[in-house]
$ cat entry-v4.txt   # compact mmCIF, C-alpha atoms
# COMPACT_ATOMS: atom_id res chain seq x y z
CA MET A 1408 0.31 -9.92 20.80
CA GLY A 1409 -1.65 -7.09 19.31
CA ASP A 1410 -1.68 -3.71 21.00
CA LEU A 1411 -4.31 -1.16 21.88
CA PRO A 1412 -5.14 1.57 19.36
CA ALA A 1413 -3.94 4.23 21.80
CA GLU A 1414 -0.61 2.47 22.21
CA ARG A 1415 -0.25 2.15 18.49
CA LEU A 1416 -1.04 5.82 18.03
CA LEU A 1417 1.56 6.82 20.59
CA ARG A 1418 4.11 4.51 18.96
CA ASN A 1419 3.41 5.98 15.55
CA LEU A 1420 3.64 9.53 16.89
CA GLU A 1421 6.95 8.76 18.56
CA GLY A 1422 8.27 7.21 15.33
CA ALA A 1423 7.15 10.19 13.27
CA ALA A 1424 8.68 12.66 15.73
CA TYR A 1425 11.93 10.71 15.76
CA TRP A 1426 12.24 10.65 11.98
CA ALA A 1427 11.06 14.20 11.38
CA ALA A 1428 12.62 16.07 14.30
CA ALA A 1429 15.07 14.05 16.38
CA ALA A 1430 17.01 12.16 13.71
CA PRO A 1431 17.88 15.32 11.71
CA VAL A 1432 19.33 16.81 14.90
CA LEU A 1433 21.25 13.63 15.74
CA ALA A 1434 22.62 13.60 12.20
CA ARG A 1435 24.14 17.04 12.76
CA LEU A 1436 25.86 16.11 16.01
CA PRO A 1437 29.32 14.58 16.05
CA ALA A 1438 28.82 11.01 14.79
CA ALA A 1439 29.89 9.36 18.05
CA LEU A 1440 27.28 11.31 20.01
CA GLY A 1441 24.53 11.16 17.39
CA TYR A 1442 24.66 7.39 17.00
CA ARG A 1443 25.00 6.87 20.76
CA LEU A 1444 21.79 8.80 21.28
CA ALA A 1445 20.15 6.77 18.52
CA CYS A 1446 21.17 3.61 20.36
CA TRP A 1447 19.64 4.97 23.56
CA ARG A 1448 16.41 5.47 21.70
CA GLY A 1449 16.70 1.89 20.44
CA ASP A 1450 17.24 0.66 23.99
CA TRP A 1451 14.22 2.62 25.18
CA LEU A 1452 12.05 1.03 22.48
CA PHE A 1453 13.48 -2.37 23.35
CA ARG A 1454 12.40 -1.97 26.96
CA ARG A 1455 9.06 -0.40 26.15
CA GLN A 1456 7.74 -2.39 23.18
CA ASP A 1457 7.07 -5.76 24.78
CA GLY A 1458 5.10 -7.10 21.84
CA LYS A 1459 7.76 -6.42 19.24
CA ARG A 1460 10.51 -7.60 21.57
CA SER A 1461 8.91 -10.94 22.33
CA GLU A 1462 7.98 -11.52 18.70
CA ILE A 1463 11.55 -10.94 17.51
CA ALA A 1464 12.89 -13.22 20.24
CA ARG A 1465 10.37 -15.91 19.32
CA ASN A 1466 11.17 -15.68 15.61
CA LEU A 1467 14.90 -15.84 16.31
CA GLN A 1468 14.28 -18.99 18.30
CA LEU A 1469 12.05 -20.50 15.61
CA VAL A 1470 14.52 -19.85 12.78
CA LEU A 1471 17.93 -20.11 14.40
CA GLY A 1472 16.97 -22.53 17.18
CA ASN A 1473 19.83 -23.31 19.48
CA GLU A 1474 22.37 -21.33 17.46
CA LEU A 1475 21.67 -18.46 19.84
CA SER A 1476 21.64 -18.77 23.61
CA PRO A 1477 18.80 -16.92 25.39
CA ALA A 1478 21.26 -14.20 26.36
CA ALA A 1479 22.53 -13.89 22.79
CA ALA A 1480 18.97 -13.74 21.46
CA GLN A 1481 18.26 -10.95 23.93
CA GLN A 1482 21.33 -9.09 22.70
CA VAL A 1483 20.34 -9.53 19.05
CA THR A 1484 16.85 -8.25 19.80
CA ARG A 1485 18.22 -5.15 21.50
CA ASP A 1486 20.62 -4.61 18.61
CA TRP A 1487 17.74 -4.91 16.15
CA PHE A 1488 16.07 -1.93 17.83
CA ARG A 1489 19.34 0.00 17.93
CA LEU A 1490 20.06 -0.60 14.25
CA ARG A 1491 16.65 0.63 13.19
CA SER A 1492 17.15 3.82 15.20
CA CYS A 1493 20.59 4.29 13.66
CA GLU A 1494 19.11 3.85 10.18
CA ALA A 1495 17.15 7.09 10.58
CA VAL A 1496 20.38 8.93 11.38
CA ASP A 1497 22.01 7.35 8.32
CA VAL A 1498 19.23 8.65 6.08
CA LYS A 1499 19.48 12.14 7.58
CA ARG A 1500 23.24 12.16 7.00
CA LEU A 1501 22.66 11.93 3.24
CA ARG A 1502 22.60 15.73 2.93
CA HIS A 1503 25.42 17.66 1.22
CA GLY A 1504 26.10 15.00 -1.39
CA ALA A 1505 25.93 12.32 1.32
CA ARG A 1506 29.37 13.38 2.58
CA PRO A 1507 28.43 13.12 6.28
CA LEU A 1508 27.47 9.47 5.79
CA ARG A 1509 30.17 8.63 3.25
CA ARG A 1510 32.80 9.52 5.84
CA LEU A 1511 31.48 6.68 8.00
CA VAL A 1512 31.11 3.98 5.36
CA GLU A 1513 34.05 2.00 4.04
CA ILE A 1514 33.54 0.22 0.71
CA ARG A 1515 35.46 -3.05 0.66
CA GLY A 1516 35.43 -4.69 -2.73
CA ARG A 1517 35.18 -1.39 -4.57
CA GLU A 1518 37.59 -2.88 -7.11
CA HIS A 1519 35.02 -5.55 -8.01
CA LEU A 1520 32.43 -2.89 -8.80
CA GLU A 1521 34.95 -0.85 -10.75
CA ALA A 1522 36.07 -3.87 -12.76
CA ALA A 1523 32.45 -4.79 -13.50
CA LEU A 1524 31.62 -1.31 -14.78
CA ALA A 1525 34.85 -1.17 -16.78
CA ALA A 1526 33.53 -4.11 -18.79
CA GLY A 1527 30.59 -1.93 -19.81
CA LYS A 1528 27.69 -4.25 -19.04
CA GLY A 1529 26.73 -2.76 -15.71
CA ALA A 1530 26.69 -4.75 -12.49
CA ILE A 1531 24.01 -6.46 -10.42
CA LEU A 1532 24.47 -5.96 -6.69
CA CYS A 1533 22.60 -8.66 -4.88
CA THR A 1534 21.73 -8.26 -1.20
CA GLY A 1535 18.86 -8.73 1.24
CA HIS A 1536 16.91 -6.55 3.63
CA PHE A 1537 20.07 -6.36 5.62
CA GLY A 1538 21.53 -3.42 7.53
CA SER A 1539 20.86 0.11 6.32
CA CYS A 1540 21.05 -1.10 2.75
CA SER A 1541 18.90 1.68 1.27
CA SER A 1542 21.14 4.45 2.58
CA GLY A 1543 24.07 2.21 1.67
CA PHE A 1544 22.93 2.25 -1.96
CA SER A 1545 22.86 6.04 -1.72
CA VAL A 1546 26.43 6.03 -0.43
CA LEU A 1547 27.52 3.91 -3.39
CA HIS A 1548 25.81 6.28 -5.79
CA ALA A 1549 27.36 9.33 -4.14
CA SER A 1550 30.73 7.57 -4.35
CA GLY A 1551 30.56 7.47 -8.13
CA PHE A 1552 28.69 4.24 -8.89
CA PRO A 1553 25.41 5.03 -10.68
CA VAL A 1554 22.83 3.05 -8.70
CA THR A 1555 19.31 2.07 -9.69
CA ALA A 1556 17.36 -0.06 -7.21
CA ILE A 1557 14.75 -2.70 -7.87
CA GLY A 1558 12.39 -2.42 -4.93
CA ARG A 1559 9.34 -0.74 -3.56
CA TRP A 1560 8.90 2.17 -1.23
CA HIS A 1561 7.04 0.39 1.54
CA HIS A 1562 4.94 3.37 2.56
CA ASN A 1563 3.35 3.40 -0.88
CA TYR A 1564 2.09 -0.15 -0.44
CA THR A 1565 1.34 -0.43 3.27
CA ALA A 1566 -2.41 -0.85 3.65
CA GLY A 1567 -4.28 1.46 6.00
CA LEU A 1568 -2.01 4.49 5.67
CA SER A 1569 -3.65 7.80 4.93
CA ALA A 1570 -2.48 9.99 2.06
CA ALA A 1571 -0.95 12.34 4.63
CA GLU A 1572 1.01 9.49 6.21
CA ARG A 1573 2.26 8.34 2.83
CA TRP A 1574 3.34 11.91 2.03
CA PHE A 1575 5.06 12.19 5.39
CA TRP A 1576 7.10 8.99 4.98
CA ASP A 1577 7.92 9.92 1.44
CA ARG A 1578 9.32 13.24 2.65
CA VAL A 1579 11.29 12.01 5.66
CA TYR A 1580 12.43 8.65 4.35
CA ALA A 1581 12.26 8.23 0.58
CA THR A 1582 13.20 11.72 -0.60
CA PRO A 1583 16.72 11.80 0.90
CA LEU A 1584 17.40 8.33 -0.51
CA ARG A 1585 15.97 9.11 -3.92
CA ARG A 1586 18.35 12.04 -4.35
CA HIS A 1587 21.15 9.50 -4.66
CA ARG A 1588 19.78 7.21 -7.33
CA GLN A 1589 20.46 7.21 -11.05
CA ARG A 1590 16.81 6.70 -11.90
CA PRO A 1591 13.57 6.07 -9.99
CA ASN A 1592 13.23 2.73 -8.25
CA ILE A 1593 12.02 -0.07 -10.50
CA GLU A 1594 9.05 -1.21 -8.44
CA PRO A 1595 7.78 -4.78 -8.95
CA TRP A 1596 4.03 -5.15 -8.93
CA PRO A 1597 1.61 -7.88 -10.04
CA GLY A 1598 0.95 -7.41 -13.72
CA ARG A 1599 3.93 -5.12 -14.18
CA PHE A 1600 5.93 -7.15 -16.65
CA ASP A 1601 8.57 -4.61 -17.68
CA VAL A 1602 10.68 -4.79 -14.47
CA ALA A 1603 13.44 -6.93 -15.96
CA VAL A 1604 13.50 -4.91 -19.18
CA ARG A 1605 13.93 -1.67 -17.25
CA ALA A 1606 16.65 -3.28 -15.15
CA ALA A 1607 18.34 -4.45 -18.35
CA ALA A 1608 18.15 -0.89 -19.71
CA ALA A 1609 19.92 0.37 -16.59
CA LEU A 1610 22.59 -2.31 -17.00
CA ARG A 1611 22.97 -1.41 -20.65
CA ALA A 1612 23.63 2.15 -19.50
CA ASN A 1613 26.42 0.68 -17.34
CA GLU A 1614 24.70 1.27 -14.03
CA VAL A 1615 24.67 -0.75 -10.82
CA VAL A 1616 21.29 -2.42 -10.34
CA THR A 1617 20.53 -3.52 -6.78
CA ILE A 1618 18.23 -6.44 -5.98
CA SER A 1619 17.14 -7.85 -2.63
CA ILE A 1620 16.67 -11.58 -3.02
CA ASP A 1621 14.95 -12.35 0.29
CA VAL A 1622 11.50 -11.09 -0.63
CA PRO A 1623 8.78 -13.78 -0.57
CA PRO A 1624 7.50 -14.26 -4.13
CA MET A 1625 4.20 -12.60 -4.96
CA ASP A 1626 1.43 -14.99 -5.97
CA SER A 1627 1.80 -13.94 -9.59
CA ASP A 1628 5.50 -14.90 -9.52
CA ARG A 1629 5.28 -18.25 -7.76
CA ALA A 1630 5.61 -20.21 -11.00
CA ARG A 1631 9.17 -18.98 -11.53
CA ALA A 1632 10.34 -19.27 -7.92
CA VAL A 1633 12.95 -21.91 -7.11
CA GLN A 1634 13.45 -23.83 -3.90
CA VAL A 1635 16.83 -23.25 -2.30
CA PRO A 1636 18.40 -23.88 1.12
CA PHE A 1637 18.07 -20.73 3.21
CA LEU A 1638 18.61 -20.42 6.95
CA GLY A 1639 18.41 -24.17 7.39
CA ARG A 1640 15.20 -24.74 5.44
CA GLN A 1641 14.11 -25.16 1.84
CA VAL A 1642 12.64 -21.80 0.84
CA TRP A 1643 10.98 -20.57 -2.36
CA LEU A 1644 12.73 -17.46 -3.67
CA LEU A 1645 12.88 -15.67 -7.00
CA PRO A 1646 16.12 -16.20 -8.90
CA GLY A 1647 15.54 -13.08 -11.03
CA ALA A 1648 18.97 -11.64 -10.16
CA VAL A 1649 20.68 -14.68 -11.67
CA THR A 1650 18.41 -14.83 -14.70
CA LEU A 1651 19.01 -11.14 -15.33
CA ALA A 1652 22.77 -11.73 -15.14
CA GLN A 1653 22.53 -14.70 -17.51
CA VAL A 1654 20.45 -12.83 -20.06
CA THR A 1655 22.35 -9.53 -20.01
CA GLY A 1656 25.87 -10.78 -19.30
CA ALA A 1657 26.19 -8.35 -16.38
CA PRO A 1658 28.32 -9.66 -13.50
CA LEU A 1659 26.47 -10.44 -10.29
CA LEU A 1660 28.11 -9.35 -7.05
CA MET A 1661 26.94 -9.96 -3.51
CA GLY A 1662 26.99 -6.99 -1.14
CA PHE A 1663 26.24 -6.64 2.56
CA LEU A 1664 26.41 -3.52 4.67
CA TYR A 1665 27.58 -4.25 8.20
CA ARG A 1666 27.47 -1.82 11.09
CA ALA A 1667 30.52 -1.82 13.34
CA ALA A 1668 30.40 -2.35 17.09
CA ASP A 1669 30.63 1.43 17.60
CA TYR A 1670 27.32 1.72 15.64
CA ARG A 1671 28.50 4.72 13.62
CA HIS A 1672 30.90 3.13 11.18
CA GLN A 1673 29.69 0.77 8.48
CA VAL A 1674 31.40 -1.43 5.95
CA TRP A 1675 30.12 -2.46 2.53
CA GLU A 1676 31.47 -5.96 1.87
CA ILE A 1677 31.20 -6.44 -1.90
CA SER A 1678 32.17 -9.79 -3.34
CA ALA A 1679 33.88 -10.79 -6.55
CA PRO A 1680 31.43 -11.85 -9.28
CA VAL A 1681 29.40 -14.93 -8.42
CA PRO A 1682 29.48 -17.61 -11.17
CA VAL A 1683 26.09 -17.69 -12.88
CA GLU A 1684 26.78 -20.22 -15.61
CA GLY A 1685 24.72 -23.38 -15.79
CA GLU A 1686 21.43 -24.04 -14.06
CA THR A 1687 19.73 -20.92 -12.73
CA ALA A 1688 18.66 -22.63 -9.50
CA THR A 1689 22.18 -23.89 -8.81
CA ALA A 1690 23.70 -20.46 -9.36
CA PHE A 1691 21.01 -18.85 -7.24
CA GLU A 1692 21.75 -21.26 -4.40
CA ARG A 1693 25.13 -19.58 -4.09
CA CYS A 1694 23.48 -16.19 -3.62
CA ALA A 1695 21.02 -17.53 -1.07
CA ALA A 1696 23.88 -19.23 0.78
CA GLU A 1697 25.80 -15.95 0.96
CA LEU A 1698 22.81 -14.12 2.35
CA SER A 1699 22.10 -16.93 4.76
CA ALA A 1700 25.67 -16.76 6.05
CA ALA A 1701 25.49 -13.00 6.46
CA ILE A 1702 22.28 -13.27 8.46
CA ARG A 1703 23.70 -16.00 10.69
CA SER A 1704 26.84 -13.96 11.35
CA SER A 1705 24.93 -10.74 12.13
CA PRO A 1706 21.29 -11.63 12.75
CA ALA A 1707 20.31 -8.21 14.12
CA HIS A 1708 21.04 -6.73 10.70
CA TRP A 1709 18.18 -8.62 9.04
CA ASP A 1710 14.99 -6.63 8.81
CA PHE A 1711 12.54 -9.53 8.68
CA TRP A 1712 12.62 -10.75 12.28
CA LEU A 1713 9.57 -8.68 13.01
CA THR A 1714 6.65 -10.03 11.02
CA ARG A 1715 3.81 -7.90 9.88
CA LYS A 1716 0.16 -8.60 10.25
CA PRO A 1717 -1.14 -10.66 7.30
CA GLY A 1718 -2.90 -8.36 4.89
CA HIS A 1719 -0.94 -5.39 6.16
CA GLY A 1720 0.53 -4.38 2.85
CA ALA A 1721 -0.47 -4.80 -0.71
CA ALA A 1722 -0.20 -8.19 -2.39
CA GLY A 1723 1.43 -9.63 0.68
CA TYR A 1724 4.68 -7.82 0.06
CA GLY A 1725 6.48 -7.17 3.33
CA THR A 1726 3.75 -8.87 5.30
CA GLY A 1727 4.66 -11.79 7.49
CA SER A 1728 7.79 -12.31 5.46
CA LEU A 1729 9.17 -15.07 7.67
CA ALA A 1730 5.94 -17.03 7.45
CA ARG A 1731 5.58 -16.41 3.74
CA LEU A 1732 9.11 -17.67 3.24
CA GLY A 1733 8.18 -20.78 5.22
CA LEU A 1734 10.75 -20.07 7.92
CA ILE A 1735 8.12 -19.97 10.68
CA PRO A 1736 4.57 -21.35 10.87
CA PRO A 1737 1.78 -19.10 9.58
CA GLN A 1738 1.00 -16.42 12.13
CA ARG A 1739 -2.29 -16.42 14.03
CA ASP A 1740 -1.79 -12.86 15.17
CA SER A 1741 1.44 -11.10 14.60
CA TYR A 1742 2.50 -7.66 15.58
CA GLU A 1743 1.45 -4.78 13.38
CA MET A 1744 4.45 -2.86 12.20
CA ASP A 1745 4.94 0.79 11.48
CA PRO A 1746 5.66 1.53 7.83
CA ILE A 1747 9.22 2.57 8.57
CA GLY A 1748 9.80 2.09 12.27
CA MET B 314 7.50 -11.64 -39.42
CA GLU B 315 4.63 -13.41 -37.66
CA THR B 316 6.23 -16.79 -38.28
CA VAL B 317 9.62 -15.71 -36.93
CA ILE B 318 8.16 -14.27 -33.74
CA ASN B 319 5.70 -17.08 -33.21
CA ASP B 320 8.49 -19.64 -33.64
CA TYR B 321 10.70 -17.89 -31.12
CA ILE B 322 7.97 -17.55 -28.50
CA SER B 323 6.81 -21.13 -29.02
CA ARG B 324 10.35 -22.50 -28.81
CA GLU B 325 11.87 -20.36 -26.07
CA LEU B 326 9.17 -18.84 -23.91
CA VAL B 327 6.15 -21.14 -23.75
CA GLN B 328 6.43 -23.39 -20.69
CA ASP B 329 3.05 -25.09 -20.95
CA PRO B 330 2.86 -27.46 -23.93
CA ALA B 331 -0.93 -27.18 -23.81
CA LEU B 332 -0.56 -23.68 -25.29
CA LEU B 333 1.06 -25.06 -28.44
CA PRO B 334 0.63 -24.57 -31.31
CA LEU B 335 0.49 -20.89 -30.45
CA ALA B 336 -2.06 -18.85 -32.36
CA ASP B 337 -0.98 -15.38 -33.45
CA GLU B 338 -3.91 -13.84 -31.57
CA THR B 339 -3.35 -15.73 -28.30
CA SER B 340 -2.89 -13.36 -25.36
CA LEU B 341 0.69 -13.63 -24.16
CA LEU B 342 -0.13 -11.87 -20.91
CA GLU B 343 -3.33 -13.66 -19.91
CA THR B 344 -1.83 -17.07 -20.64
CA GLY B 345 1.19 -16.22 -18.48
CA ILE B 346 3.64 -16.74 -21.35
CA LEU B 347 5.06 -13.30 -20.73
CA ASP B 348 6.31 -12.41 -17.28
CA SER B 349 9.04 -9.96 -16.35
CA LEU B 350 11.93 -12.20 -17.43
CA THR B 351 10.38 -13.81 -20.52
CA PHE B 352 9.47 -10.31 -21.62
CA LEU B 353 13.12 -9.33 -21.29
CA ARG B 354 14.13 -12.32 -23.44
CA LEU B 355 11.55 -11.35 -26.04
CA VAL B 356 12.69 -7.71 -26.13
CA ILE B 357 16.33 -8.75 -26.56
CA PHE B 358 15.33 -11.16 -29.33
CA LEU B 359 13.31 -8.49 -31.15
CA GLU B 360 16.10 -5.93 -30.83
CA GLU B 361 18.71 -8.33 -32.21
CA ARG B 362 16.53 -9.87 -34.90
CA PHE B 363 15.09 -6.62 -36.24
CA GLY B 364 17.98 -4.26 -35.45
CA ILE B 365 15.97 -1.92 -33.27
CA THR B 366 16.35 -0.41 -29.82
CA MET B 367 13.34 -0.15 -27.57
CA GLY B 368 13.02 2.71 -25.15
CA ASP B 369 10.72 3.15 -22.17
CA ALA B 370 7.99 4.54 -24.38
CA ASP B 371 7.91 1.32 -26.41
CA LEU B 372 7.37 -0.97 -23.44
CA LEU B 373 3.60 -0.68 -23.37
CA PRO B 374 1.57 -3.81 -22.60
CA GLU B 375 -0.67 -3.18 -25.61
CA ASN B 376 2.35 -3.59 -27.92
CA PHE B 377 2.98 -7.10 -26.60
CA THR B 378 -0.47 -8.57 -26.12
CA SER B 379 -0.07 -11.19 -28.86
CA VAL B 380 2.10 -12.07 -31.84
CA ASN B 381 -0.22 -9.97 -33.97
CA THR B 382 0.15 -6.84 -31.82
CA ILE B 383 3.92 -7.27 -31.68
CA CYS B 384 4.04 -7.39 -35.48
CA ALA B 385 1.74 -4.38 -35.75
CA TYR B 386 4.00 -2.48 -33.37
CA LEU B 387 7.14 -3.45 -35.30
CA ARG B 388 5.56 -2.46 -38.62
CA ALA B 389 4.59 0.90 -37.13
CA ARG B 390 8.27 1.40 -36.23
CA GLU B 391 9.42 1.03 -39.81
CA PRO B 392 10.96 4.37 -40.85
CA GLY B 393 8.51 5.07 -43.65
CA LYS B 394 5.52 4.32 -41.45
CA ARG B 395 6.86 6.51 -38.65
CA GLN B 396 7.34 9.46 -40.94
CA ALA B 397 3.95 8.91 -42.50
CA SER B 398 2.28 8.75 -39.11
CA ARG B 399 4.06 11.97 -38.09
CA GLY B 400 3.43 13.74 -41.33

$ encode --input "entry-v4.txt" --output "structure tokens"
Amino acid sequence: MGDLPAERLLRNLEGAAYWAAAAPVLARLPAALGYRLACWRGDWLFRRQDGKRSEIARNLQLVLGNELSPAAAQQVTRDWFRLRSCEAVDVKRLRHGARPLRRLVEIRGREHLEAALAAGKGAILCTGHFGSCSSGFSVLHASGFPVTAIGRWHHNYTAGLSAAERWFWDRVYATPLRRHRQRPNIEPWPGRFDVAVRAAAALRANEVVTISIDVPPMDSDRARAVQVPFLGRQVWLLPGAVTLAQVTGAPLLMGFLYRAADYRHQVWEISAPVPVEGETATAFERCAAELSAAIRSSPAHWDFWLTRKPGHGAAGYGTGSLARLGLIPPQRDSYEMDPIG
Amino acid sequence: METVINDYISRELVQDPALLPLADETSLLETGILDSLTFLRLVIFLEERFGITMGDADLLPENFTSVNTICAYLRAREPGKRQASRG
């Protein structure tokens, strides 16, 4: 399922041109037109990128089995391409205090965030690689909730990228997002042992700390992973969000950003605090169950259907996530993914 | 101070009984006693027990290598020592 170097080059050039030139234009058009054009680009990629398309369809079948009919799986795959094209428009609509994007995003459960911050211990917003969550965090920040994210900028850790490519993706992707954060991302890394302390400092400053819980544990973290039901299997995940809540007393909320059927409107669904008392693993099961349910209800929103070539990425982060989670068998040869898409 | 910190780490953070009794010079990082979350527990304990607040500049690995280095770091934070080191 690999592709020729020339094809990969063309794909990368198209992706770069889309992010750097096309998406900024689409973001300035009326939203209905801009997102419709983004969907057309997604449909074009869906038709053209056979390797990615068949891999997503295969992974959907492996994980969700008969929950999706072949026609539904085809629809989810096409939507996956559309959503990734729309994400670029979301990021480019973060200009002018993010107002162009904020107009399109409804925050349901705002009262839960407000109540959490009123208590003065910050709030932990737990999600997954689901929907345009990064630009969604920016919308929350621009809406008055000081957001600090735990997570890495993928382009900094994707193996094989030149310094120029890393600079490019930092400019077109990370910079607009970073403008709407309270402090720099807290980036986990093997040997970096101050992640939780820095997160606790943000909570102490009454900020919203975001955590994605669907990342396969790094080798150095395997000892503290717990096994929980996730998408119909027992999966090892890190319960750090729950432990952080238990240690700091900050409430833990679940949040998922859904894109509406018109592709331009989005809704943040933010839950009431999840109980975290008692056993860490038991409390974390609730979080994993929420994420699992969100993925089943809107599978195209989940980023991980396309696996990445093993070794493509430092320390295995973001590489072959489905296989590393144990949701699909280890990949013999999976499709190599662009750093952003 | 060494006894208080050693007791806390031994009681609350050490998962592997083979590491006990914990020597004051044992590396907390190399033995895996300290990871991101146990480090958070340790920092909260130190802040509460010794009435201090740690900022980003304090969170250096070399300050938390062992019980001995933690104590050296805490002693260096004592007001008199800080002024002396500045003066």

$ closest_residue --input "entry-v4.txt" --among "B:Leu355, B:Ala389, B:Met367, B:Ile383" --to "Glu315 in chain B" --atoms "all atoms listed in the file"
B:Ile383

$ residues_around --input "entry-v4.txt" --residues "range 321-336 of chain B" --least-positions-apart "3" --cutoff "6 Å" --atoms "only C-alpha atoms" --output "PyMOL selection string"
chain B and resi 318+339+346

$ atom_distance --input "entry-v4.txt" --atom1 "CA of Ala1707 in chain A" --atom2 "CA of Ser1461 in chain A"
14.3 Å

$ residues_around --input "entry-v4.txt" --residues "Leu341 in chain B" --least-positions-apart "3" --cutoff "9 Å" --atoms "all atoms listed in the file" --output "list of chain:residue names"
B:Glu338, B:Thr344, B:Gly345, B:Ile346, B:Leu347, B:Asp348, B:Phe377, B:Thr378, B:Ser379, B:Val380

$ atom_distance --input "entry-v4.txt" --atom1 "CA of His1562 in chain A" --atom2 "CA of Asp1577 in chain A"
7.3 Å

$ interface_residues --input "entry-v4.txt" --of "chain A" --to "chain B" --cutoff "8 Å" --atoms "only C-alpha atoms" --output "PyMOL selection string"
chain A and resi 1599-1605+1607+1647+1650-1651+1654

$ write_last_selection --input "entry-v4.txt" --atoms "C-alpha atoms" --output "mmCIF file, keeping the file's coordinate frame"
data_model
loop_
_atom_site.group_PDB
_atom_site.id
_atom_site.type_symbol
_atom_site.label_atom_id
_atom_site.label_comp_id
_atom_site.auth_asym_id
_atom_site.auth_seq_id
_atom_site.Cartn_x
_atom_site.Cartn_y
_atom_site.Cartn_z
ATOM 1 C CA ARG A 1599 3.930 -5.120 -14.180
ATOM 2 C CA PHE A 1600 5.930 -7.150 -16.650
ATOM 3 C CA ASP A 1601 8.570 -4.610 -17.680
ATOM 4 C CA VAL A 1602 10.680 -4.790 -14.470
ATOM 5 C CA ALA A 1603 13.440 -6.930 -15.960
ATOM 6 C CA VAL A 1604 13.500 -4.910 -19.180
ATOM 7 C CA ARG A 1605 13.930 -1.670 -17.250
ATOM 8 C CA ALA A 1607 18.340 -4.450 -18.350
ATOM 9 C CA GLY A 1647 15.540 -13.080 -11.030
ATOM 10 C CA THR A 1650 18.410 -14.830 -14.700
ATOM 11 C CA LEU A 1651 19.010 -11.140 -15.330
ATOM 12 C CA VAL A 1654 20.450 -12.830 -20.060
#

$ residues_around --input "entry-v4.txt" --residues "Asn1466 in chain A" --least-positions-apart "2" --cutoff "8 Å" --atoms "only C-alpha atoms" --output "list in words"
Glu1462, Ile1463, Ala1464, Gln1468, Leu1469, Val1470, Trp1712, Leu1713 and Ile1735 of chain A

$ closest_residue --input "entry-v4.txt" --among "A:Leu1664, A:Leu1490, A:Ala1525, A:Met1625" --to "Leu1511 in chain A" --atoms "all atoms listed in the file"
A:Leu1664

$ residues_near_point --input "entry-v4.txt" --point "(28.4, 2.1, -10.4)" --cutoff "9 Å" --atoms "only C-alpha atoms" --output "list in words"
Leu1520, Glu1521, Ala1523, Leu1524, Gly1529, Ala1530, Leu1547, His1548, Ser1550, Gly1551, Phe1552, Pro1553, Val1554, Asn1613, Glu1614, Val1615 and Val1616 of chain A

$ decode --input "entry-v4.txt" --residues "range 351-362 of chain B" --atoms "N, CA and C atoms" --output "mmCIF file, in the first residue's frame"
data_model
loop_
_atom_site.group_PDB
_atom_site.id
_atom_site.type_symbol
_atom_site.label_atom_id
_atom_site.label_comp_id
_atom_site.auth_asym_id
_atom_site.auth_seq_id
_atom_site.Cartn_x
_atom_site.Cartn_y
_atom_site.Cartn_z
ATOM 1 N N THR B 351 4.348 10.826 39.703
ATOM 2 C CA THR B 351 4.944 10.724 41.043
ATOM 3 C C THR B 351 5.739 11.991 41.354
ATOM 4 N N PHE B 352 6.281 12.590 40.318
ATOM 5 C CA PHE B 352 6.990 13.866 40.532
ATOM 6 C C PHE B 352 6.015 14.946 41.003
ATOM 7 N N LEU B 353 4.826 14.938 40.406
ATOM 8 C CA LEU B 353 3.809 15.906 40.845
ATOM 9 C C LEU B 353 3.468 15.687 42.325
ATOM 10 N N ARG B 354 3.279 14.409 42.698
ATOM 11 C CA ARG B 354 2.970 14.115 44.115
ATOM 12 C C ARG B 354 4.099 14.596 45.018
ATOM 13 N N LEU B 355 5.318 14.368 44.593
ATOM 14 C CA LEU B 355 6.466 14.784 45.408
ATOM 15 C C LEU B 355 6.514 16.308 45.541
ATOM 16 N N VAL B 356 6.290 17.012 44.437
ATOM 17 C CA VAL B 356 6.337 18.482 44.488
ATOM 18 C C VAL B 356 5.248 19.014 45.429
ATOM 19 N N ILE B 357 4.040 18.447 45.319
ATOM 20 C CA ILE B 357 2.957 18.900 46.207
ATOM 21 C C ILE B 357 3.316 18.623 47.672
ATOM 22 N N PHE B 358 3.886 17.445 47.915
ATOM 23 C CA PHE B 358 4.293 17.112 49.285
ATOM 24 C C PHE B 358 5.332 18.118 49.802
ATOM 25 N N LEU B 359 6.340 18.394 48.984
ATOM 26 C CA LEU B 359 7.407 19.307 49.418
ATOM 27 C C LEU B 359 6.848 20.708 49.669
ATOM 28 N N GLU B 360 5.948 21.148 48.789
ATOM 29 C CA GLU B 360 5.377 22.489 48.954
ATOM 30 C C GLU B 360 4.576 22.577 50.251
ATOM 31 N N GLU B 361 3.788 21.534 50.519
ATOM 32 C CA GLU B 361 2.960 21.568 51.738
ATOM 33 C C GLU B 361 3.810 21.393 52.992
ATOM 34 N N ARG B 362 4.762 20.481 52.928
ATOM 35 C CA ARG B 362 5.537 20.142 54.126
ATOM 36 C C ARG B 362 6.500 21.261 54.512
#
